[in-house]
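Inspection log for the structure reproduced underneath, given as C-alpha cells.
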Protein chains: 2
Amino acid sequence: MKCRVCGKTARIKLHSHHTAFCREHFLQFFYRRIERTIKKFRMFRRDELVLVAVSGGKDSLALWHALMELGYKVKGFFINLHIKPGSGESEEYVRRFAEKFGADLTVVDVKDYLGFSIPEAVKVVRKPACAVCGMVKRYIMNRHALQIGATAIATGHQLDDAAATLLGNILHWQEGHLGRFYPVLEEEDGFARKVKPLTFTGEYETLAYAHFVGIEYYPKKCRFAHGATSQVYKHILNELEMEMPGTKLWFVEGFFRTAREKFRAEEPAAPREKCVFCGYPTTRREMIDGEEKPVCSFCALKRRLQKHEGE
Amino acid sequence: MKCRVCGKTARIKLHSHHTAFCREHFLQFFYRRIERTIKKFRMFRRDELVLVAVSGGKDSLALWHALMELGYKVKGFFINLHIKPGSGESEEYVRRFAEKFGADLTVVDVKDYLGFSIPEAVKVVRKPACAVCGMVKRYIMNRHALQIGATAIATGHQLDDAAATLLGNILHWQEGHLGRFYPVLEEEDGFARKVKPLTFTGEYETLAYAHFVGIEYYPKKCRFAHGATSQVYKHILNELEMEMPGTKLWFVEGFFRTAREKFRAEEPAAPREKCVFCGYPTTRREMIDGEEKPVCSFCALKRRLQKHEGE
C-alpha cells in the first residue's frame, strides 16, 4: 500500500476515501479538510480568538492541536464536572497536553459556577444527565467566551458524531433539531458562535491524527453516556460504512447541501429576555415572589439545587 | 403472555407495538391496520376493481388474502419472468393459492409481451436487473389493469420495505425519490393508481398472518436481489428495531407526516407523449428513421433485444 501523494509506504489506509497516505501526507490531508471546513462555513478568521472546549478526549485535543498547527489564535477551556471516574483524570490529560505543546489553557470548576457537581445536579433534577450537563457547560462556556472576548467556541464533534445526531433526528423526524443542525451556529446577544471544524473529519482519522502527533488522551467514555442511543446509531453507521465506504460523509454533506434548508423554521426565534439573576438571555419564565420573571435554565437549576439542599 | 384484547393465552407477541394477541385478535389487528391505511390514503373503495400484483412470496399473497377477507373486489395478477430458479416455483404457489382460497387469478408470460425473458434482457442491456425487471413489470401491469378496468394496482410492499427504501433515499438525499415516496401514487392518462396497503404493517406481522391463515408461499428471494443494498438497510433497521421497538413505524409515519411535503417538486412533471409503437405515455424520445419520436422504455428495450438477437 503506497501513499497516494508521494508513493512511499503508506502508514494509514482511509477506506472512506478509498485512499492511503504516509504520515506527512496524512497530516496534510487532515489539516486541509479542517481548513476547508473553517473557510467554507466562515467559522472564524486568524485574527479572532477561538475558545476550544476540551474534554480530555481524543477529538477535542486533536482539534486544539490542529488549530494551533494551522496558526489560529486558540485557547483551551476545560470544565471539571466532578464526574467520577473521569473528571480528575481528564483534567490531568488536558494539563499535560497544554504543557507538552505549550498551549494556552484555562481550567474551571463547575462548582464555582453552579455550587454543585454534575452528579449532584443529575440526582436532584431527574432529567437526562447529558441534557443537564450540556446546558451547564454551554452556560459556563458562553460566559467565559464573553469575558475573554472569544468570538467562537469550537467543539470536537466529528463526522461520526454528526452522522449519529443526524440519523437520530431523522428517525424521529425532529424538524426543529434538523433545521438547527449545522457546522456553525451564529449566536445572538453578543455570544460567541458555536463551530464544529471536525464535522467532515471521521473519528478514525481524528484518532489517527492524535496518535501521529503524540497526543495522550483520556480514553474512556463518560459513565453517563453508556447505553446512550447515540452509541446505537454510531454502531449501525459503522456497519453501513463497512458495506458502503463513504456513507457517513455523503449522508452529512448531502443533508447540508440539499435537505437542511427545508427544515429551517420560517418563524423567527422567540424573543429573549435577560435572566433576573445573571442577565443571561433566555426565553424561559418562572414565578418569582408571585410574579412571572425571566429566569435562565442555569439559574433555575442552581436555585432548585440550593432549595433541595436546604430541605 | 396474555392477549391484550381477551386475556386468553397469546399466540403472537408484537415487540414493535408492545403487545400480544391470540390468533383471533391478531387477525382483527392485522385487518384493521390495512383497512385504516386504505381509508386514510384513499387507496380504493369496495366498488372498484383492484389488481393485486403477486409474486408468490408471503407479502403479496398475504395482501391478496387479506383484501379478499376485507371484502374488496380483487384479482391476482402474476407475471412469469422466467428467472431460474424462482419463476416456475412461484407460479405453482400462486396457482395453488388461487385454488385453495377460490381467488381470481390471471397469469401472464413476460415473453408474450417482451419476446424475451428477464435474464435474457438483463444480459443484453447491462442495467441493474431490478431496474429492468421493475420497468417491465410496471408496463405489463399497467396495460393489463387498463384492459380489465382495474383502477388500482396493489403491491405487497410492507413496512420493512418502506423503511429500507426511505433510509436508502435519505442516506443519499435523493430529493426526487423522497418527494414521490408515498403509500398511494395517483397516475395520469387513465392508468391505475399504485397502492401499498401494507405500508404500516411489518414483515414479521405479514409473515405471521400468512402462517395463521394457512398461506403457502415461495420462501426464497429472487436471485437478482442477493447482495442488494436494500438487504443491508433492512438488516440495520432490524438492529435499530431490536434496540428501540417501534423505530421503523415512527420513521416511516413521521416522514409522511412531517417531511415528505418538503421534498415534493414544485415544477409539474414533464409532459408525456404517446409511444409511437404502443401508445404508452412516455417522456422518452429516440431517433427513429432519422426523426426524434416518443418511444417508451418498454418498446425501447424490446427493440434493442430484437436488434441484438438479429445481430
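The way I read the labels, and the way they are meant: chains A, B, ... in the order of the C-alpha cells, residue 1 as the first residue of every chain, and ligand 1 as the first ligand shown, with later ones counted on from there.
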Selection: 7 Å around Val107 (chain A), only C-alpha atoms, excl. self and same-chain fewer than 5 positions, as a list in words: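 Once the adjacent positions are removed, what remains is Phe77, Phe78 and Ile79 of chain A.
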Convert the current residue selection to file output with C-alpha atoms, as a PDB file, in the first residue's frame.
```pdb
ATOM      1  CA  PHE A  77     -11.049  25.624  28.081  1.00  0.00           C
ATOM      2  CA  PHE A  78     -11.717  22.720  30.427  1.00  0.00           C
ATOM      3  CA  ILE A  79     -14.547  22.435  32.950  1.00  0.00           C
TER       4      ILE A  79
END
```
So that each row is one residue of region 174-276 of chain A with an atom at most 12 Å from region 144-168 of chain B, can you give its shortest atom pair and the distance in Å to one decimal, using only C-alpha atoms, rows by chain and rising number, as a Markdown table?
```
| residue | atom | partner | partner_atom | distance |
| --- | --- | --- | --- | --- |
| A:Leu237 | CA | B:Leu167 | CA | 11.8 |
| A:Leu240 | CA | B:Gly168 | CA | 10.7 |
| A:Met244 | CA | B:Gly168 | CA | 11.5 |
| A:Thr247 | CA | B:Gly168 | CA | 10.3 |
| A:Trp250 | CA | B:Gly168 | CA | 11.7 |
| A:Phe251 | CA | B:Gly168 | CA | 10.0 |
```
Expected file: the selected residues, N, CA and C atoms, as a short mmCIF file (atom, residue, chain, number, x, y, z; two decimals), in the first residue's frame:
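out22.cif, freshly written:
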```cif
data_model
loop_
_atom_site.label_atom_id
_atom_site.label_comp_id
_atom_site.auth_asym_id
_atom_site.auth_seq_id
_atom_site.Cartn_x
_atom_site.Cartn_y
_atom_site.Cartn_z
N LEU A 237 -24.15 2.95 11.92
CA LEU A 237 -23.49 3.74 10.86
C LEU A 237 -22.13 3.13 10.50
N LEU A 240 -22.89 0.32 8.16
CA LEU A 240 -23.16 0.85 6.81
C LEU A 240 -21.87 1.27 6.13
N MET A 244 -20.58 0.16 2.68
CA MET A 244 -20.55 1.21 1.66
C MET A 244 -19.67 2.35 2.14
N THR A 247 -20.37 6.41 3.27
CA THR A 247 -21.77 6.68 3.61
C THR A 247 -21.94 7.85 4.58
N TRP A 250 -21.32 11.28 2.76
CA TRP A 250 -22.39 11.71 1.85
C TRP A 250 -23.60 12.12 2.61
N PHE A 251 -23.90 11.29 3.63
CA PHE A 251 -25.13 11.49 4.40
C PHE A 251 -25.14 12.89 5.03
#
```
Separation of CA of Thr199 (chain B) from CA of Lys100 (chain B) in Å: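 So the answer is 26.3 Å.
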Proximal residues of chain B relative to chain A (only C-alpha atoms; 7 Å) as a ChimeraX atom specification: /B:171-173,236,250-251,254-255,262
Take the selection from the previous step and output its residues with N, CA and C atoms, as an mmCIF file, in the first residue's frame.
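The resulting result_13.cif:
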```cif
data_model
loop_
_atom_site.group_PDB
_atom_site.id
_atom_site.type_symbol
_atom_site.label_atom_id
_atom_site.label_comp_id
_atom_site.auth_asym_id
_atom_site.auth_seq_id
_atom_site.Cartn_x
_atom_site.Cartn_y
_atom_site.Cartn_z
ATOM 1 N N LEU B 171 -30.072 8.440 3.039
ATOM 2 C CA LEU B 171 -28.608 8.406 3.142
ATOM 3 C C LEU B 171 -27.987 9.083 1.923
ATOM 4 N N HIS B 172 -28.662 8.996 0.779
ATOM 5 C CA HIS B 172 -28.156 9.645 -0.440
ATOM 6 C C HIS B 172 -28.886 10.942 -0.755
ATOM 7 N N TRP B 173 -29.836 11.320 0.107
ATOM 8 C CA TRP B 173 -30.621 12.539 -0.091
ATOM 9 C C TRP B 173 -31.109 12.670 -1.532
ATOM 10 N N ILE B 236 -29.861 -3.365 9.183
ATOM 11 C CA ILE B 236 -29.564 -2.380 10.230
ATOM 12 C C ILE B 236 -30.855 -1.827 10.842
ATOM 13 N N TRP B 250 -42.321 4.696 13.409
ATOM 14 C CA TRP B 250 -42.200 6.158 13.583
ATOM 15 C C TRP B 250 -41.523 6.764 12.397
ATOM 16 N N PHE B 251 -40.449 6.084 11.965
ATOM 17 C CA PHE B 251 -39.599 6.624 10.914
ATOM 18 C C PHE B 251 -40.431 6.860 9.645
ATOM 19 N N GLY B 254 -43.582 9.204 10.399
ATOM 20 C CA GLY B 254 -43.086 10.563 10.620
ATOM 21 C C GLY B 254 -42.689 11.228 9.315
ATOM 22 N N PHE B 255 -42.099 10.447 8.421
ATOM 23 C CA PHE B 255 -41.714 11.012 7.130
ATOM 24 C C PHE B 255 -42.942 11.521 6.377
ATOM 25 N N LYS B 262 -41.960 18.521 2.109
ATOM 26 C CA LYS B 262 -40.827 19.413 1.853
ATOM 27 C C LYS B 262 -40.021 18.998 0.626
#
```
Filtered DSSP result for region 121-218 of chain A, state helix (DSSP H, G or I), as a ChimeraX atom specification: /A:121-125,129-148,159-171,175-180,203-212
Those of region 201-303 of chain A in DSSP strand (DSSP E or B), formatted as number ranges by chain: A: 273-274, 281-282, 285-288, 291-294
